[in-house]
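Asks: First the structure, then my questions, so here it is.
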Amino acid sequence: MVDKNDALFREVNEELRREQFAKLWERYGTYIILAAVAVIAAVVGSQLWDAHRAANANAAGAEFEAANALLDSGKTEDAAKAFGELVQSGPQGYASLAALSQAGAYLKLDKRTEALAVFDKLAEDASADRLLANFARLQAASLRLGEADFTEMQNRLTPLISDDSPWRFTARELLGTAALKAGNIDEARKTLAPLLADSGLGQAASERVHRLMAKIATAELGASDKAPAAEPAPAAPEAGAKPDAEKPASAP
């Protein structure tokens, strides 16, 4: 009898569950289907997007290599044009690399104005990788050295001289050189002297900074030599002598 009662209870419970499920499905079935479709669409869409990105990256890589081949074969004008097309159409990473390469091609062609424009555009591109953008900023500053005034060089290089910047050594060297060229000796010394105490400074850069510091010392010595000599203090009167005001006027 107990077994029969248990079987009856199970049947009743199963029937109740089926009725509850039917009611839930009737009420929420459409939403469940839509949610399932959305999940499937998201998964498929993600896979398609990854495939699309991979295809674009492969295509951009091939274009980048083709442009480099043009550059290596001496077709610099064609290479600059090819890099420029990749800047416009390629994914962000390749576009930034292509911009740097295009600027380099322009420099080979002695087109400094065009190269500077490319460097400046990449430096101000908020979507570009910061390492590459700041490298472009550094290159632009180096092109302007000797032509720009010190204020412009400060504006270009100040973002690059912080202690955590990978470009701080070259940036400070350029800024110190600009200060020296502008005759701002104190600023040049303040900018360059800390480099000599930085263990990360390379041998070649250290030698250049030492040469700049020698120029600063020479400039300071020259400024000291040109300073007007101080007027000699009046000689103390001899003992027993009367002050000038007490000397009798000379006879006419």
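Here's how to read the names in the structure tokens: chain A, B, ... by the order shown, residue numbers from 1 in each chain, ligand numbers from 1 in the order shown.
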Could you pull the residues within 9 Å of Arg208 of chain A, counting only C-alpha atoms, minus those fewer than 5 positions along the same chain, as a list in words?
Replies: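 Counting only C-alpha atoms, the residues come to Glu173, Gln203 and Met213 of chain A.
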Asks: Within 12 Å of segment 174-185 of chain A, counting only C-alpha atoms, which residues qualify if same-chain residues fewer than 4 places away don't, as a PDB file with C-alpha atoms, in the first residue's frame?
Replies:
ATOM      1  CA  LEU A 138      59.613  63.420 -29.739  1.00  0.00           C
ATOM      2  CA  GLN A 139      60.476  63.164 -33.443  1.00  0.00           C
ATOM      3  CA  ALA A 140      58.471  66.290 -34.225  1.00  0.00           C
ATOM      4  CA  ALA A 141      60.335  68.195 -31.508  1.00  0.00           C
ATOM      5  CA  SER A 142      63.689  67.062 -32.866  1.00  0.00           C
ATOM      6  CA  LEU A 143      62.713  68.398 -36.315  1.00  0.00           C
ATOM      7  CA  ARG A 144      61.829  71.764 -34.799  1.00  0.00           C
ATOM      8  CA  LEU A 145      65.033  72.081 -32.768  1.00  0.00           C
ATOM      9  CA  GLY A 146      67.000  75.078 -33.971  1.00  0.00           C
ATOM     10  CA  GLU A 147      63.970  76.674 -35.638  1.00  0.00           C
ATOM     11  CA  ALA A 148      61.381  76.857 -32.854  1.00  0.00           C
ATOM     12  CA  ASP A 149      61.704  79.214 -29.910  1.00  0.00           C
ATOM     13  CA  PHE A 150      62.237  77.835 -26.426  1.00  0.00           C
ATOM     14  CA  THR A 151      58.572  78.188 -25.448  1.00  0.00           C
ATOM     15  CA  GLU A 152      57.482  75.966 -28.337  1.00  0.00           C
ATOM     16  CA  MET A 153      60.109  73.372 -27.435  1.00  0.00           C
ATOM     17  CA  GLN A 154      58.907  73.415 -23.820  1.00  0.00           C
ATOM     18  CA  ASN A 155      55.324  72.826 -24.952  1.00  0.00           C
ATOM     19  CA  ARG A 156      56.375  69.936 -27.169  1.00  0.00           C
ATOM     20  CA  LEU A 157      58.736  68.215 -24.750  1.00  0.00           C
ATOM     21  CA  THR A 158      57.333  68.812 -21.269  1.00  0.00           C
ATOM     22  CA  PRO A 159      54.866  65.874 -21.558  1.00  0.00           C
ATOM     23  CA  LEU A 160      57.827  63.564 -22.233  1.00  0.00           C
ATOM     24  CA  ILE A 161      60.275  64.444 -19.446  1.00  0.00           C
ATOM     25  CA  TRP A 167      61.534  58.982 -23.806  1.00  0.00           C
ATOM     26  CA  ARG A 168      62.701  61.176 -20.895  1.00  0.00           C
ATOM     27  CA  PHE A 169      66.421  60.995 -21.688  1.00  0.00           C
ATOM     28  CA  THR A 170      66.151  62.216 -25.271  1.00  0.00           C
ATOM     29  CA  ARG A 189      71.873  73.361 -16.536  1.00  0.00           C
ATOM     30  CA  LYS A 190      68.728  72.580 -14.501  1.00  0.00           C
ATOM     31  CA  THR A 191      67.426  70.324 -17.272  1.00  0.00           C
ATOM     32  CA  LEU A 192      70.627  68.499 -18.165  1.00  0.00           C
ATOM     33  CA  ALA A 193      72.472  68.086 -14.857  1.00  0.00           C
ATOM     34  CA  PRO A 194      70.026  65.494 -13.390  1.00  0.00           C
ATOM     35  CA  LEU A 195      70.606  63.247 -16.398  1.00  0.00           C
ATOM     36  CA  ALA A 205      73.774  59.964 -24.445  1.00  0.00           C
ATOM     37  CA  ARG A 208      76.544  64.097 -25.472  1.00  0.00           C
ATOM     38  CA  VAL A 209      75.250  65.501 -22.185  1.00  0.00           C
ATOM     39  CA  HIS A 210      78.804  65.968 -20.901  1.00  0.00           C
ATOM     40  CA  ARG A 211      79.613  67.930 -24.050  1.00  0.00           C
ATOM     41  CA  LEU A 212      76.539  70.098 -23.518  1.00  0.00           C
ATOM     42  CA  MET A 213      77.503  70.696 -19.893  1.00  0.00           C
ATOM     43  CA  ALA A 214      80.963  71.770 -21.070  1.00  0.00           C
ATOM     44  CA  LYS A 215      79.318  74.286 -23.411  1.00  0.00           C
ATOM     45  CA  ILE A 216      77.229  75.554 -20.504  1.00  0.00           C
ATOM     46  CA  ALA A 217      80.357  76.013 -18.385  1.00  0.00           C
ATOM     47  CA  THR A 218      82.031  77.885 -21.259  1.00  0.00           C
ATOM     48  CA  ALA A 219      78.972  80.100 -21.693  1.00  0.00           C
ATOM     49  CA  GLU A 220      78.890  80.834 -17.962  1.00  0.00           C
ATOM     50  CA  LEU A 221      82.607  81.691 -17.981  1.00  0.00           C
ATOM     51  CA  GLY A 222      82.127  83.994 -20.951  1.00  0.00           C
ATOM     52  CA  ALA A 223      79.222  85.725 -19.243  1.00  0.00           C
TER      53      ALA A 223
END
Asks: Skipping near chain neighbours, those fewer than 4 positions away, what residues fall within 8 Å of segment 86-102 of chain A using only C-alpha atoms, listed as a ChimeraX atom specification?
Replies: /A:56-57,60-61,63-64,79-82,106,115,118-119,122,127-129,132-133,136
Asks: Rounded to one decimal place, report the atom CA of Gly84 of chain A-atom CA of Asn134 of chain A distance in Å.
Replies: 19.5 Å
Asks: Pull the helix (DSSP H, G or I) assignments for segment 71-197 of chain A out of DSSP run on the backbone, and list those residues as a CSV table (one decimal) with N, CA and C atoms, in the first residue's frame.
Replies:
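Heads up, here's the output in part_8.csv:
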chain,number,residue,atom,x,y,z
A,71,LEU,N,60.1,50.6,-50.0
A,71,LEU,CA,61.1,51.5,-49.4
A,71,LEU,C,62.5,50.9,-49.5
A,72,ASP,N,62.6,49.6,-49.3
A,72,ASP,CA,63.9,48.9,-49.4
A,72,ASP,C,64.4,48.9,-50.8
A,76,THR,N,61.0,55.3,-52.8
A,76,THR,CA,60.6,56.0,-51.6
A,76,THR,C,59.3,56.7,-51.7
A,77,GLU,N,59.1,57.4,-52.9
A,77,GLU,CA,57.8,58.1,-53.1
A,77,GLU,C,56.6,57.1,-53.1
A,78,ASP,N,56.8,56.0,-53.8
A,78,ASP,CA,55.7,55.0,-53.8
A,78,ASP,C,55.5,54.4,-52.4
A,79,ALA,N,56.6,54.3,-51.7
A,79,ALA,CA,56.4,53.7,-50.3
A,79,ALA,C,55.7,54.7,-49.4
A,80,ALA,N,56.0,56.0,-49.5
A,80,ALA,CA,55.3,57.0,-48.7
A,80,ALA,C,53.8,57.0,-49.0
A,81,LYS,N,53.5,56.9,-50.3
A,81,LYS,CA,52.1,56.8,-50.7
A,81,LYS,C,51.4,55.6,-50.1
A,82,ALA,N,52.1,54.4,-50.2
A,82,ALA,CA,51.5,53.2,-49.7
A,82,ALA,C,51.3,53.3,-48.2
A,83,PHE,N,52.2,53.8,-47.5
A,83,PHE,CA,52.1,53.9,-46.0
A,83,PHE,C,50.9,54.9,-45.7
A,84,GLY,N,50.8,55.9,-46.5
A,84,GLY,CA,49.7,56.9,-46.3
A,84,GLY,C,48.3,56.2,-46.5
A,85,GLU,N,48.2,55.3,-47.5
A,85,GLU,CA,46.9,54.6,-47.7
A,85,GLU,C,46.6,53.7,-46.5
A,86,LEU,N,47.7,53.1,-45.9
A,86,LEU,CA,47.4,52.2,-44.8
A,86,LEU,C,47.1,53.0,-43.5
A,87,VAL,N,47.6,54.3,-43.4
A,87,VAL,CA,47.2,55.1,-42.3
A,87,VAL,C,45.7,55.4,-42.3
A,88,GLN,N,45.2,55.5,-43.6
A,88,GLN,CA,43.8,55.8,-43.7
A,88,GLN,C,42.9,54.6,-43.5
A,89,SER,N,43.3,53.5,-44.0
A,89,SER,CA,42.4,52.3,-44.0
A,89,SER,C,42.7,51.2,-43.0
A,92,GLN,N,44.1,50.3,-36.1
A,92,GLN,CA,44.8,51.4,-35.4
A,92,GLN,C,46.3,51.1,-35.2
A,93,GLY,N,46.7,49.9,-34.8
A,93,GLY,CA,48.1,49.6,-34.6
A,93,GLY,C,48.9,49.7,-35.8
A,94,TYR,N,48.4,49.1,-36.9
A,94,TYR,CA,49.2,49.2,-38.2
A,94,TYR,C,49.1,50.7,-38.7
A,95,ALA,N,48.0,51.4,-38.5
A,95,ALA,CA,47.9,52.8,-39.0
A,95,ALA,C,49.0,53.6,-38.3
A,96,SER,N,49.2,53.4,-37.0
A,96,SER,CA,50.2,54.2,-36.3
A,96,SER,C,51.6,53.9,-36.8
A,97,LEU,N,51.9,52.6,-37.0
A,97,LEU,CA,53.2,52.2,-37.5
A,97,LEU,C,53.4,52.7,-38.9
A,98,ALA,N,52.4,52.7,-39.7
A,98,ALA,CA,52.5,53.2,-41.1
A,98,ALA,C,52.7,54.7,-41.1
A,99,ALA,N,52.1,55.4,-40.1
A,99,ALA,CA,52.4,56.9,-40.0
A,99,ALA,C,53.8,57.2,-39.7
A,100,LEU,N,54.4,56.4,-38.8
A,100,LEU,CA,55.8,56.6,-38.5
A,100,LEU,C,56.7,56.3,-39.7
A,101,SER,N,56.3,55.2,-40.4
A,101,SER,CA,57.1,54.8,-41.6
A,101,SER,C,57.0,55.8,-42.7
A,102,GLN,N,55.8,56.4,-42.8
A,102,GLN,CA,55.5,57.4,-43.9
A,102,GLN,C,56.4,58.7,-43.6
A,103,ALA,N,56.4,59.1,-42.3
A,103,ALA,CA,57.2,60.2,-41.9
A,103,ALA,C,58.7,60.0,-42.2
A,104,GLY,N,59.1,58.7,-41.9
A,104,GLY,CA,60.5,58.4,-42.2
A,104,GLY,C,60.8,58.4,-43.7
A,105,ALA,N,59.9,58.0,-44.5
A,105,ALA,CA,60.1,58.1,-46.0
A,105,ALA,C,60.2,59.5,-46.4
A,106,TYR,N,59.3,60.4,-45.9
A,106,TYR,CA,59.4,61.8,-46.2
A,106,TYR,C,60.7,62.4,-45.8
A,107,LEU,N,61.3,62.0,-44.7
A,107,LEU,CA,62.6,62.5,-44.3
A,107,LEU,C,63.7,62.1,-45.3
A,108,LYS,N,63.5,60.8,-45.8
A,108,LYS,CA,64.5,60.4,-46.8
A,108,LYS,C,64.4,61.2,-48.1
A,112,ARG,N,60.8,67.7,-45.0
A,112,ARG,CA,60.7,67.9,-43.6
A,112,ARG,C,59.3,68.4,-43.2
A,113,THR,N,58.7,69.2,-44.0
A,113,THR,CA,57.4,69.8,-43.6
A,113,THR,C,56.3,68.7,-43.6
A,114,GLU,N,56.4,67.8,-44.6
A,114,GLU,CA,55.4,66.7,-44.7
A,114,GLU,C,55.6,65.7,-43.5
A,115,ALA,N,56.9,65.5,-43.2
A,115,ALA,CA,57.2,64.5,-42.1
A,115,ALA,C,56.7,65.1,-40.8
A,116,LEU,N,56.9,66.4,-40.6
A,116,LEU,CA,56.5,67.1,-39.4
A,116,LEU,C,55.0,67.0,-39.2
A,117,ALA,N,54.3,67.2,-40.3
A,117,ALA,CA,52.8,67.1,-40.3
A,117,ALA,C,52.3,65.7,-39.9
A,118,VAL,N,53.0,64.7,-40.4
A,118,VAL,CA,52.6,63.3,-40.0
A,118,VAL,C,52.9,63.1,-38.6
A,119,PHE,N,54.1,63.5,-38.1
A,119,PHE,CA,54.4,63.3,-36.7
A,119,PHE,C,53.4,64.0,-35.8
A,120,ASP,N,53.1,65.2,-36.1
A,120,ASP,CA,52.2,66.0,-35.3
A,120,ASP,C,50.8,65.4,-35.2
A,121,LYS,N,50.3,64.9,-36.3
A,121,LYS,CA,49.0,64.3,-36.4
A,121,LYS,C,48.9,63.1,-35.5
A,122,LEU,N,50.0,62.2,-35.6
A,122,LEU,CA,50.0,61.0,-34.8
A,122,LEU,C,50.1,61.4,-33.3
A,123,ALA,N,50.9,62.4,-33.0
A,123,ALA,CA,51.1,62.8,-31.6
A,123,ALA,C,49.8,63.2,-30.9
A,130,ARG,N,49.8,55.2,-26.8
A,130,ARG,CA,50.6,56.3,-26.2
A,130,ARG,C,52.1,56.3,-26.5
A,131,LEU,N,52.6,55.1,-26.5
A,131,LEU,CA,54.0,54.9,-26.7
A,131,LEU,C,54.4,55.4,-28.1
A,132,LEU,N,53.6,55.0,-29.1
A,132,LEU,CA,53.9,55.5,-30.5
A,132,LEU,C,53.6,56.9,-30.6
A,133,ALA,N,52.5,57.4,-30.0
A,133,ALA,CA,52.2,58.8,-30.2
A,133,ALA,C,53.2,59.7,-29.5
A,134,ASN,N,53.7,59.3,-28.4
A,134,ASN,CA,54.8,60.1,-27.7
A,134,ASN,C,56.1,60.1,-28.5
A,135,PHE,N,56.4,58.9,-29.1
A,135,PHE,CA,57.6,58.8,-30.0
A,135,PHE,C,57.4,59.8,-31.1
A,136,ALA,N,56.2,59.9,-31.7
A,136,ALA,CA,56.0,60.9,-32.8
A,136,ALA,C,56.2,62.3,-32.3
A,137,ARG,N,55.7,62.6,-31.1
A,137,ARG,CA,55.9,63.9,-30.5
A,137,ARG,C,57.4,64.2,-30.3
A,138,LEU,N,58.2,63.2,-29.9
A,138,LEU,CA,59.6,63.4,-29.7
A,138,LEU,C,60.3,63.7,-31.1
A,139,GLN,N,59.9,63.0,-32.1
A,139,GLN,CA,60.5,63.2,-33.4
A,139,GLN,C,60.1,64.5,-34.0
A,140,ALA,N,58.9,65.0,-33.8
A,140,ALA,CA,58.5,66.3,-34.2
A,140,ALA,C,59.3,67.4,-33.5
A,141,ALA,N,59.5,67.2,-32.2
A,141,ALA,CA,60.3,68.2,-31.5
A,141,ALA,C,61.8,68.2,-32.0
A,142,SER,N,62.3,67.1,-32.3
A,142,SER,CA,63.7,67.1,-32.9
A,142,SER,C,63.8,67.8,-34.2
A,143,LEU,N,62.7,67.7,-35.0
A,143,LEU,CA,62.7,68.4,-36.3
A,143,LEU,C,62.6,69.9,-36.1
A,144,ARG,N,62.0,70.3,-35.0
A,144,ARG,CA,61.8,71.8,-34.8
A,144,ARG,C,63.0,72.4,-34.0
A,150,PHE,N,62.2,78.7,-27.6
A,150,PHE,CA,62.2,77.8,-26.4
A,150,PHE,C,60.9,77.5,-25.9
A,151,THR,N,59.9,78.4,-25.9
A,151,THR,CA,58.6,78.2,-25.4
A,151,THR,C,57.9,77.1,-26.2
A,152,GLU,N,58.1,77.1,-27.5
A,152,GLU,CA,57.5,76.0,-28.3
A,152,GLU,C,58.1,74.6,-28.0
A,153,MET,N,59.4,74.6,-27.8
A,153,MET,CA,60.1,73.4,-27.4
A,153,MET,C,59.7,72.9,-26.1
A,154,GLN,N,59.4,73.8,-25.1
A,154,GLN,CA,58.9,73.4,-23.8
A,154,GLN,C,57.5,72.8,-24.0
A,155,ASN,N,56.7,73.4,-24.8
A,155,ASN,CA,55.3,72.8,-25.0
A,155,ASN,C,55.4,71.4,-25.6
A,156,ARG,N,56.3,71.2,-26.5
A,156,ARG,CA,56.4,69.9,-27.2
A,156,ARG,C,57.0,68.9,-26.3
A,157,LEU,N,57.9,69.2,-25.5
A,157,LEU,CA,58.7,68.2,-24.7
A,157,LEU,C,58.3,68.0,-23.3
A,158,THR,N,57.7,69.0,-22.7
A,158,THR,CA,57.3,68.8,-21.3
A,158,THR,C,56.5,67.5,-21.0
A,159,PRO,N,55.6,67.1,-21.8
A,159,PRO,CA,54.9,65.9,-21.6
A,159,PRO,C,55.7,64.6,-21.6
A,160,LEU,N,57.0,64.7,-22.1
A,160,LEU,CA,57.8,63.6,-22.2
A,160,LEU,C,59.0,63.5,-21.2
A,168,ARG,N,62.3,60.0,-21.7
A,168,ARG,CA,62.7,61.2,-20.9
A,168,ARG,C,64.1,61.6,-21.2
A,169,PHE,N,65.0,60.6,-21.5
A,169,PHE,CA,66.4,61.0,-21.7
A,169,PHE,C,66.6,61.9,-22.9
A,170,THR,N,66.0,61.4,-24.0
A,170,THR,CA,66.2,62.2,-25.3
A,170,THR,C,65.4,63.5,-25.2
A,171,ALA,N,64.2,63.5,-24.5
A,171,ALA,CA,63.4,64.7,-24.4
A,171,ALA,C,64.1,65.7,-23.5
A,172,ARG,N,64.8,65.3,-22.4
A,172,ARG,CA,65.5,66.3,-21.6
A,172,ARG,C,66.7,66.8,-22.3
A,173,GLU,N,67.4,65.9,-23.1
A,173,GLU,CA,68.5,66.4,-23.8
A,173,GLU,C,68.2,67.4,-24.9
A,174,LEU,N,67.0,67.2,-25.6
A,174,LEU,CA,66.6,68.2,-26.6
A,174,LEU,C,66.2,69.5,-25.9
A,175,LEU,N,65.5,69.4,-24.8
A,175,LEU,CA,65.0,70.6,-24.1
A,175,LEU,C,66.2,71.4,-23.5
A,176,GLY,N,67.2,70.7,-23.0
A,176,GLY,CA,68.4,71.3,-22.5
A,176,GLY,C,69.2,72.0,-23.6
A,177,THR,N,69.2,71.3,-24.8
A,177,THR,CA,69.9,71.9,-26.0
A,177,THR,C,69.1,73.2,-26.4
A,178,ALA,N,67.8,73.1,-26.4
A,178,ALA,CA,67.0,74.2,-26.8
A,178,ALA,C,67.2,75.4,-25.9
A,179,ALA,N,67.3,75.1,-24.6
A,179,ALA,CA,67.6,76.2,-23.6
A,179,ALA,C,68.9,76.8,-23.9
A,180,LEU,N,69.9,76.0,-24.1
A,180,LEU,CA,71.3,76.5,-24.4
A,180,LEU,C,71.3,77.4,-25.6
A,181,LYS,N,70.6,76.9,-26.7
A,181,LYS,CA,70.6,77.7,-27.9
A,181,LYS,C,69.9,79.0,-27.7
A,185,ILE,N,70.9,79.8,-19.9
A,185,ILE,CA,71.9,78.9,-19.3
A,185,ILE,C,71.4,78.2,-18.0
A,186,ASP,N,70.8,78.9,-17.2
A,186,ASP,CA,70.3,78.3,-15.9
A,186,ASP,C,69.3,77.2,-16.2
A,187,GLU,N,68.4,77.4,-17.2
A,187,GLU,CA,67.4,76.4,-17.5
A,187,GLU,C,68.1,75.2,-18.1
A,188,ALA,N,69.1,75.4,-19.0
A,188,ALA,CA,69.8,74.4,-19.6
A,188,ALA,C,70.5,73.5,-18.5
A,189,ARG,N,71.2,74.1,-17.6
A,189,ARG,CA,71.9,73.4,-16.5
A,189,ARG,C,70.9,72.6,-15.7
A,190,LYS,N,69.7,73.2,-15.3
A,190,LYS,CA,68.7,72.6,-14.5
A,190,LYS,C,68.1,71.4,-15.2
A,191,THR,N,68.0,71.4,-16.5
A,191,THR,CA,67.4,70.3,-17.3
A,191,THR,C,68.4,69.2,-17.5
A,192,LEU,N,69.7,69.5,-17.8
A,192,LEU,CA,70.6,68.5,-18.2
A,192,LEU,C,71.4,67.9,-17.0
A,193,ALA,N,71.7,68.6,-16.0
A,193,ALA,CA,72.5,68.1,-14.9
A,193,ALA,C,71.9,66.8,-14.2
A,194,PRO,N,70.6,66.7,-14.0
A,194,PRO,CA,70.0,65.5,-13.4
A,194,PRO,C,70.2,64.3,-14.2
A,195,LEU,N,70.4,64.4,-15.5
A,195,LEU,CA,70.6,63.2,-16.4
A,195,LEU,C,71.9,62.5,-16.0
A,196,LEU,N,72.9,63.2,-15.6
A,196,LEU,CA,74.2,62.6,-15.3
A,196,LEU,C,74.1,61.8,-14.1
A,197,ALA,N,73.1,62.0,-13.3
A,197,ALA,CA,73.0,61.2,-12.1
A,197,ALA,C,72.0,60.0,-12.3
